[in-house]
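**Student:** Pasting a structure here, questions to come.
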Amino acid sequence: MIRVRGLNKWFGDHHVLHDVDLDVARGEVVVVIGPSGSGKSTLCRCLNRLEAADSGEVLVDGVPVPAEGRALARLRADVGMVFQNFNLFQHKTVLENVMLAPMKVRGVSRAEAERTAHELLARVGIAEQAGKQPARLSGGQQQRAAIARALAMRPKVMLFDEPTSALDPEMVGEVLDVMTGLAADGMTMVVVTHEMGFARRAADRVVFMDGGRIVETGEPNAFFDSPRTDRARDFLAKVLTH
Amino acid sequence: MSALLDHLPEFWQGLVVTLQMTAASFAGAAVVGLVIVAMRVGPVPVLRAVATVYVETLQNLPLLVLLVLAVFGLPEIGLKAGLTTTAIVVIALYEGAYIAEALRSGVNAISAGQGEAARALGLTFGQSLRHVVLPQALRTVVQPIGNIFIALTMNTSLAAAVGVVELTAAANRVNLLEAQPIPIFVGAGLAYAAIAACAGFVTGRLERRLAVAR
């Protein structure tokens with residue numbers, strides 16, 4: 001579904017992505033972990049070209065991601081994205097947030113967009129928040145609304161860029177539950193996260209990044225129980241001791 | 001005082017012209033401002049450059065120079081239009097640059113994540129500007145745009161210098177007959193102040209009504 005070859009990205013002198021190759025199969029859940037500044041968020045943002053790579057290629061469903069314009073917009077419509085800071089449209093209600101893109105991008109009628117939006121909000125457990133402005137919701141509710149908004153486009157793949165990092169600890173679970181449900185339903189997912197429990201439970205494959213490179217990749221149980229590289233062992237020792 | 005009351009029809013005529021010019025040139029300036037800001041924050045380098053040059057040029061020239069240039073220069077190159085129409089167009093183009101800058105500061109005040117989220121959903125740049133970024137940007141710049149409206153109202157009086165008989169020119173004409181500058185120009189000034197006060201009232205109301213919880 002996603003194929004990344006030889007991806008390189010610099011921010012000024014800083015080489016954030018170093019010859020990154022990655023394949024994500026249809027229905028696969030790939031969790032990307034690694035220390036801060038390892039390039040995992042940048043990799044995620046390169047997949048729908050919110051960040052443009054300096055070299056290398058990204059293919060989604062066999063098609064190279066277009067550089068710009070309407071072709072790029074069409075591709076992005078099929079790739080859902082969930083951000084660390086939710087990024088719900090502040091001037092619209094939760095329901096309108098979910099309805100906007102299907103109406104403007106897919107040309108769905110208002111009535112149908114509204115029906116789908118209500119269904120999706122119910123699916124993520126916030127049906128009763130539909131009429132509120134985003135700022136009136138808790139962080140966990142906002143993130144679930146953002147997931148519903150992405151799902152409304154019926155994406156082929158969902159990207160999650162640290163979806164729980166801005167949440168109070170008590171709200172992390174409700175968002176991860178929704179994501180686990182999506183994974184169980186067969187959604188293709190790329191998840192950048194620090195939630196090791198989620199990685200172990202929901203991932204088909206864990207990708208460990210450090211210093212802009214993919215250092216190690218493997219099945220979650222094998223990776224967490226017996227990492228092959230020193231760098232991964234080191235990282236896991238730090239994050240799993242608490 | 002009688003100088004004012006005896007010439008109410010002339011004042012009224014002038015005020016009507018001032019109101020017409022204000023409304024028409026503000027509408028024009030709003031359109032110009034929207035187009036220029038869309039070019040200026042957009043992804044196309046050529047359009048960005050054109051919009052920047054436009055804003056810098058029009059902001060750095062006095063409106064009176066532009067008015068005189070248009071009124072006397074345009075007929076030279078074969079473009080003829082009524083005085084009032086010419087003045088409205090020039091004021092709209094001039095104030096459009098200021099509206100574009102106010103809108104741009106509003107766009108910059110909106111977090112980059114809003115535009116990113118819109119584009120990630122498949123909205124084109126134009127759609128994300130129209131449905132997500134500008135509606136929020138506008139809400140943050142209601143007050144500065146109200147100020148531009150007031151400045152524009154005052155600036156219509158410069159059209160008097162190129163022969164448009166709006167409120168200031170009307171007052172001037174009455175004063176030539178009556179030679180009582182204080183009541184006459186205080187009266188005209190009060191009319192401008194009333195327009196400005198209405199604008200202030202409306203922007204205050206709008207600002208409260210459009211407030212978005214963040």
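Ordering of the structure tokens sets the chain letters (A, B, ...); residue numbers start at 1 within each chain; ligands are numbered from 1 in the order shown.
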Write out as a list in words each polymer residue whose atoms come within 9 Å of Glu96 of chain A, counting only C-alpha atoms; drop sequence neighbours fewer than 4 positions from it.
**Tutor:**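 Final neighbour list, sorted by chain and number: Phe89, Lys92, Leu100, Glu114, Ala117, Ala130 and Gly131 of chain A.
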**Student:** Please write the residues from the selection above to a file, keeping N, CA, C and O atoms, as an mmCIF file, in the first residue's frame.
**Tutor:**
```
data_model
loop_
_atom_site.group_PDB
_atom_site.id
_atom_site.type_symbol
_atom_site.label_atom_id
_atom_site.label_comp_id
_atom_site.auth_asym_id
_atom_site.auth_seq_id
_atom_site.Cartn_x
_atom_site.Cartn_y
_atom_site.Cartn_z
ATOM 1 N N PHE A 89 -10.932 22.156 13.015
ATOM 2 C CA PHE A 89 -11.209 23.516 12.560
ATOM 3 C C PHE A 89 -11.972 24.245 13.658
ATOM 4 O O PHE A 89 -13.099 23.895 13.995
ATOM 5 N N LYS A 92 -15.679 25.724 13.331
ATOM 6 C CA LYS A 92 -16.780 24.857 12.949
ATOM 7 C C LYS A 92 -17.114 23.913 14.097
ATOM 8 O O LYS A 92 -16.251 23.597 14.911
ATOM 9 N N LEU A 100 -17.069 18.583 6.330
ATOM 10 C CA LEU A 100 -16.496 19.513 5.345
ATOM 11 C C LEU A 100 -15.830 18.826 4.147
ATOM 12 O O LEU A 100 -16.205 19.066 2.994
ATOM 13 N N GLU A 114 -23.916 14.462 6.497
ATOM 14 C CA GLU A 114 -24.348 14.597 7.885
ATOM 15 C C GLU A 114 -24.634 13.221 8.498
ATOM 16 O O GLU A 114 -24.261 12.943 9.635
ATOM 17 N N ALA A 117 -21.388 11.497 9.109
ATOM 18 C CA ALA A 117 -20.683 12.125 10.223
ATOM 19 C C ALA A 117 -21.256 11.661 11.555
ATOM 20 O O ALA A 117 -20.513 11.332 12.486
ATOM 21 N N ALA A 130 -21.645 16.339 18.960
ATOM 22 C CA ALA A 130 -21.661 16.755 17.551
ATOM 23 C C ALA A 130 -21.833 18.254 17.357
ATOM 24 O O ALA A 130 -21.200 18.858 16.495
ATOM 25 N N GLY A 131 -22.698 18.893 18.178
ATOM 26 C CA GLY A 131 -23.022 20.293 17.939
ATOM 27 C C GLY A 131 -22.081 21.279 18.599
ATOM 28 O O GLY A 131 -22.270 22.484 18.480
#
```
**Student:** Tell me which protein, DNA and RNA residues are within 9 Å of segment 200-213 of chain B, counting only C-alpha atoms, leaving out same-chain ones fewer than 6 positions away, and put them as a list in words.
**Tutor:**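 Listed by chain and then number, they are Gln90, His91, Lys92, Gln133, Pro134, Ala135 and Arg136 of chain A; Gln136, Arg139, Thr140, Val141, Val142, Gln143, Ile145, Gly146, Asn147 and Ile150 of chain B.
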**Student:** Give the residues of chain B that lie within 9 Å of chain A; count only C-alpha atoms, and format the answer as a list in words.
**Tutor:** Ser111, Gly113, Gln114, Gly115, Glu116, Ala117, Ala118, Arg119, Ala120, Leu121, Gly122, Leu123, Thr124, Phe125, Gln127, His131, Val132, Val133, Pro135, Gln136, Leu210, Ala211, Val212, Ala213 and Arg214 of chain B
**Student:** If you run DSSP on this backbone, which residues of chain B come out as alpha helix (DSSP H), and could you give them as number ranges by chain?
**Tutor:** B: 2-6, 8-41, 45-59, 63-73, 83-109, 112-120, 125-128, 134-140, 142-155, 167-178, 181-210
**Student:** Tyr192 of chain B: which residues within 10 Å, counting only C-alpha atoms, same-chain residues fewer than 2 positions away excluded, as a list in words?
**Tutor:**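 Result of the neighbour search: Leu15, Thr18, Leu19, Ile150, Thr153, Met154, Ser157, Leu167, Thr168, Val186, Gly187, Ala188, Gly189, Leu190, Ala194, Ile195, Ala196 and Ala197 of chain B.
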**Student:** Measuring between only C-alpha atoms, which one of B:Gln180, B:Ser105, B:Thr52, B:Thr22 shows the shortest distance to Ala92 of chain B?
**Tutor:**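 Using only C-alpha atoms, Ala92 of chain B sits closest to B:Thr22.
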**Student:** Would you mind telling me which residue in A:Leu95, A:Lys156, A:Asp234, A:Ala127 lies nearest to Ala113 of chain A when using only C-alpha atoms?
**Tutor:**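 Closest to Ala113 of chain A of all the choices is A:Leu95.
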**Student:** Contacts of Glu95 of chain B at 12 Å or less, counting only C-alpha atoms, minus same-chain residues fewer than 2 places along, as a short mmCIF file (atom, residue, chain, number, x, y, z; two decimals) with N, CA and C atoms, in the first residue's frame?
**Tutor:**
```
data_model
loop_
_atom_site.label_atom_id
_atom_site.label_comp_id
_atom_site.auth_asym_id
_atom_site.auth_seq_id
_atom_site.Cartn_x
_atom_site.Cartn_y
_atom_site.Cartn_z
N THR B 22 -17.74 55.67 -0.36
CA THR B 22 -17.24 54.82 0.71
C THR B 22 -17.68 53.38 0.50
N ALA B 24 -18.85 51.85 -2.24
CA ALA B 24 -18.34 51.21 -3.47
C ALA B 24 -16.85 50.92 -3.35
N SER B 25 -16.06 51.87 -2.84
CA SER B 25 -14.62 51.62 -2.82
C SER B 25 -14.27 50.61 -1.72
N PHE B 26 -15.07 50.55 -0.63
CA PHE B 26 -14.77 49.52 0.38
C PHE B 26 -15.07 48.13 -0.18
N ALA B 27 -16.19 48.01 -0.91
CA ALA B 27 -16.50 46.72 -1.52
C ALA B 27 -15.38 46.31 -2.48
N GLY B 28 -14.95 47.27 -3.30
CA GLY B 28 -13.85 46.98 -4.22
C GLY B 28 -12.57 46.60 -3.48
N ALA B 29 -12.27 47.37 -2.42
CA ALA B 29 -11.05 47.11 -1.66
C ALA B 29 -11.08 45.73 -1.02
N ALA B 30 -12.27 45.30 -0.57
CA ALA B 30 -12.38 43.97 0.04
C ALA B 30 -12.04 42.89 -0.97
N VAL B 31 -12.57 43.04 -2.19
CA VAL B 31 -12.28 42.05 -3.24
C VAL B 31 -10.79 42.06 -3.58
N VAL B 32 -10.23 43.27 -3.78
CA VAL B 32 -8.80 43.38 -4.10
C VAL B 32 -7.97 42.76 -2.97
N GLY B 33 -8.33 43.09 -1.72
CA GLY B 33 -7.58 42.57 -0.58
C GLY B 33 -7.59 41.05 -0.53
N LEU B 34 -8.77 40.44 -0.79
CA LEU B 34 -8.88 38.97 -0.77
C LEU B 34 -8.02 38.34 -1.86
N ILE B 36 -5.40 39.66 -3.40
CA ILE B 36 -3.97 39.89 -3.15
C ILE B 36 -3.46 38.98 -2.03
N TYR B 54 2.72 44.73 -5.48
CA TYR B 54 1.48 45.52 -5.46
C TYR B 54 1.31 46.23 -4.12
N VAL B 55 1.42 45.46 -3.05
CA VAL B 55 1.21 46.03 -1.71
C VAL B 55 2.24 47.10 -1.42
N THR B 57 4.04 48.90 -3.45
CA THR B 57 3.88 50.08 -4.29
C THR B 57 2.74 50.96 -3.79
N LEU B 58 1.56 50.36 -3.61
CA LEU B 58 0.41 51.19 -3.27
C LEU B 58 0.48 51.75 -1.86
N GLN B 59 1.11 51.00 -0.95
CA GLN B 59 1.22 51.54 0.41
C GLN B 59 2.23 52.68 0.48
N ASN B 60 3.17 52.71 -0.46
CA ASN B 60 4.25 53.68 -0.36
C ASN B 60 4.03 54.93 -1.20
N LEU B 61 2.85 55.04 -1.81
CA LEU B 61 2.54 56.26 -2.55
C LEU B 61 1.37 56.97 -1.86
N PRO B 62 1.40 58.32 -1.81
CA PRO B 62 0.26 59.03 -1.22
C PRO B 62 -0.98 58.87 -2.11
N LEU B 63 -2.12 58.69 -1.47
CA LEU B 63 -3.36 58.50 -2.22
C LEU B 63 -3.64 59.68 -3.15
N LEU B 66 -1.86 59.34 -6.35
CA LEU B 66 -2.51 58.34 -7.20
C LEU B 66 -3.77 58.91 -7.84
N ALA B 87 -12.23 57.99 -9.06
CA ALA B 87 -11.81 58.11 -7.66
C ALA B 87 -12.15 56.84 -6.89
N ILE B 88 -13.34 56.26 -7.15
CA ILE B 88 -13.73 55.03 -6.44
C ILE B 88 -12.74 53.91 -6.75
N VAL B 89 -12.39 53.76 -8.02
CA VAL B 89 -11.47 52.69 -8.41
C VAL B 89 -10.10 52.89 -7.76
N VAL B 90 -9.59 54.12 -7.79
CA VAL B 90 -8.27 54.39 -7.22
C VAL B 90 -8.28 54.11 -5.71
N ILE B 91 -9.31 54.58 -5.03
CA ILE B 91 -9.38 54.36 -3.57
C ILE B 91 -9.49 52.85 -3.28
N ALA B 92 -10.28 52.13 -4.09
CA ALA B 92 -10.43 50.69 -3.87
C ALA B 92 -9.08 49.99 -4.03
N LEU B 93 -8.33 50.34 -5.09
CA LEU B 93 -7.03 49.69 -5.32
C LEU B 93 -6.06 50.02 -4.18
N ALA B 97 -4.73 47.27 -0.77
CA ALA B 97 -3.40 46.89 -0.30
C ALA B 97 -3.39 46.80 1.23
N TYR B 98 -4.06 47.76 1.88
CA TYR B 98 -4.09 47.75 3.35
C TYR B 98 -4.94 46.57 3.86
N ILE B 99 -6.05 46.32 3.18
CA ILE B 99 -6.89 45.19 3.61
C ILE B 99 -6.12 43.88 3.44
N ALA B 100 -5.37 43.77 2.34
CA ALA B 100 -4.57 42.56 2.13
C ALA B 100 -3.59 42.36 3.28
N GLU B 101 -2.95 43.44 3.72
CA GLU B 101 -1.99 43.31 4.82
C GLU B 101 -2.69 42.94 6.13
N ALA B 102 -3.85 43.52 6.38
CA ALA B 102 -4.59 43.16 7.60
C ALA B 102 -4.97 41.68 7.55
N ILE B 145 -9.78 45.86 10.24
CA ILE B 145 -10.50 46.16 9.00
C ILE B 145 -11.50 47.28 9.22
N ASN B 147 -10.92 49.72 11.20
CA ASN B 147 -10.08 50.93 11.16
C ASN B 147 -9.79 51.34 9.72
N ILE B 148 -9.55 50.35 8.87
CA ILE B 148 -9.30 50.67 7.46
C ILE B 148 -10.55 51.30 6.84
N PHE B 149 -11.73 50.77 7.23
CA PHE B 149 -12.98 51.35 6.73
C PHE B 149 -13.08 52.82 7.11
N ILE B 150 -12.74 53.13 8.36
CA ILE B 150 -12.82 54.52 8.81
C ILE B 150 -11.82 55.38 8.05
N ALA B 151 -10.58 54.88 7.90
CA ALA B 151 -9.56 55.64 7.16
C ALA B 151 -10.02 55.86 5.72
N LEU B 152 -10.64 54.81 5.15
CA LEU B 152 -11.14 54.93 3.77
C LEU B 152 -12.20 56.03 3.67
N THR B 153 -13.10 56.06 4.67
CA THR B 153 -14.14 57.10 4.67
C THR B 153 -13.50 58.49 4.63
N MET B 154 -12.51 58.68 5.51
CA MET B 154 -11.83 59.98 5.54
C MET B 154 -11.11 60.25 4.22
N ASN B 155 -10.52 59.19 3.65
CA ASN B 155 -9.74 59.36 2.42
C ASN B 155 -10.59 59.74 1.21
N THR B 156 -11.90 59.45 1.27
CA THR B 156 -12.73 59.85 0.13
C THR B 156 -12.73 61.37 -0.01
#
```
**Student:** For Ala169 of chain B, list every protein, DNA or RNA residue within 9 Å, evaluated using only C-alpha atoms, and leave out those in the same chain fewer than 6 positions away; present the list as number ranges by chain.
**Tutor:** B: 14, 157, 159-161, 163
**Student:** Deliver the residues from the most recent selection as a file, using N, CA, C and O atoms, as a tab-separated table (two decimals), in the first residue's frame.
**Tutor:**
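Written file, selection-v1.tsv:
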```tsv
chain	number	residue	atom	x	y	z
B	14	GLY	N	-23.67	66.19	-0.97
B	14	GLY	CA	-22.26	65.81	-0.73
B	14	GLY	C	-22.16	64.56	0.11
B	14	GLY	O	-21.35	63.65	-0.19
B	157	SER	N	-12.39	62.09	1.08
B	157	SER	CA	-12.39	63.56	0.99
B	157	SER	C	-11.28	64.06	0.08
B	157	SER	O	-11.35	65.19	-0.42
B	159	ALA	N	-10.82	63.09	-2.77
B	159	ALA	CA	-11.39	63.19	-4.12
B	159	ALA	C	-11.85	64.61	-4.41
B	159	ALA	O	-11.98	65.02	-5.57
B	160	ALA	N	-12.07	65.40	-3.35
B	160	ALA	CA	-12.43	66.81	-3.53
B	160	ALA	C	-11.35	67.54	-4.33
B	160	ALA	O	-11.65	68.42	-5.13
B	161	ALA	N	-10.11	67.12	-4.12
B	161	ALA	CA	-8.98	67.80	-4.77
B	161	ALA	C	-8.95	67.58	-6.27
B	161	ALA	O	-8.33	68.33	-7.00
B	163	GLY	N	-11.86	67.26	-7.99
B	163	GLY	CA	-13.09	67.78	-8.57
B	163	GLY	C	-14.36	67.00	-8.29
B	163	GLY	O	-15.41	67.33	-8.83
```
**Student:** Excluding Ala202 of chain A and residues on its chain fewer than 4 positions from it, collect all residues at most 12 Å away from it, counting only C-alpha atoms, and give them as a CSV table (one decimal) with C-alpha atoms, in the first residue's frame.
**Tutor:**
```
chain,number,residue,atom,x,y,z
A,28,GLU,CA,-0.9,-3.8,8.0
A,29,VAL,CA,-0.5,-1.8,11.2
A,30,VAL,CA,3.1,-0.4,11.4
A,31,VAL,CA,4.1,1.4,14.5
A,176,LEU,CA,-5.9,4.1,21.7
A,177,ASP,CA,-9.1,2.1,22.1
A,178,VAL,CA,-10.5,3.7,19.0
A,179,MET,CA,-7.2,3.1,17.1
A,180,THR,CA,-7.1,-0.5,18.3
A,181,GLY,CA,-10.7,-0.9,17.0
A,182,LEU,CA,-9.7,0.5,13.6
A,183,ALA,CA,-6.7,-1.8,13.4
A,184,ALA,CA,-8.9,-4.8,14.2
A,185,ASP,CA,-11.3,-3.7,11.4
A,186,GLY,CA,-8.4,-4.1,8.9
A,187,MET,CA,-7.4,-0.5,8.3
A,188,THR,CA,-3.9,0.1,7.0
A,189,MET,CA,-2.2,2.2,9.6
A,190,VAL,CA,1.1,3.9,10.1
A,191,VAL,CA,1.4,5.1,13.7
A,195,GLU,CA,2.9,4.2,23.5
A,196,MET,CA,4.8,1.0,23.8
A,197,GLY,CA,1.8,-0.9,25.1
A,198,PHE,CA,-0.2,0.0,22.0
A,206,VAL,CA,7.4,-2.2,14.8
A,219,GLU,CA,7.3,-8.3,15.0
A,220,PRO,CA,6.3,-6.5,18.2
A,221,ASN,CA,6.9,-9.4,20.6
```
**Student:** Calculated over only C-alpha atoms, which of the candidates A:Val239, A:Val4, A:Ala111, A:Ala222 has the smallest distance to Asp61 of chain A?
**Tutor:** A:Val4
**Student:** Given the choices B:Val37, B:Leu4, B:Ala199, B:Gln13, which gets closest to Pro144 of chain B if the distance is worked out from only C-alpha atoms?
**Tutor:**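 The shortest atom-to-atom distance to Pro144 of chain B comes from B:Ala199.
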**Student:** Write out as an MDAnalysis selection string each polymer residue whose atoms come within 12 Å of Leu74 of chain B, counting only C-alpha atoms; drop sequence neighbours fewer than 5 positions from it.
**Tutor:** chainID B and resid 66:69 79:83 86:87 90
**Student:** Using only C-alpha atoms, which of B:Thr85, B:Gly106, B:Ala38, B:Tyr94 sits nearest Glu56 of chain B?
**Tutor:**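 Using only C-alpha atoms, Glu56 of chain B sits closest to B:Tyr94.
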**Student:** Could you pull out the strand (DSSP E or B) residues of segment 121-216 of chain A, going by DSSP on the backbone, and write them as JSON, numbers by chain?
**Tutor:** {"A": [157, 158, 159, 160, 161, 188, 189, 190, 191, 192, 205, 206, 207, 208, 209, 210, 213, 214, 215, 216]}
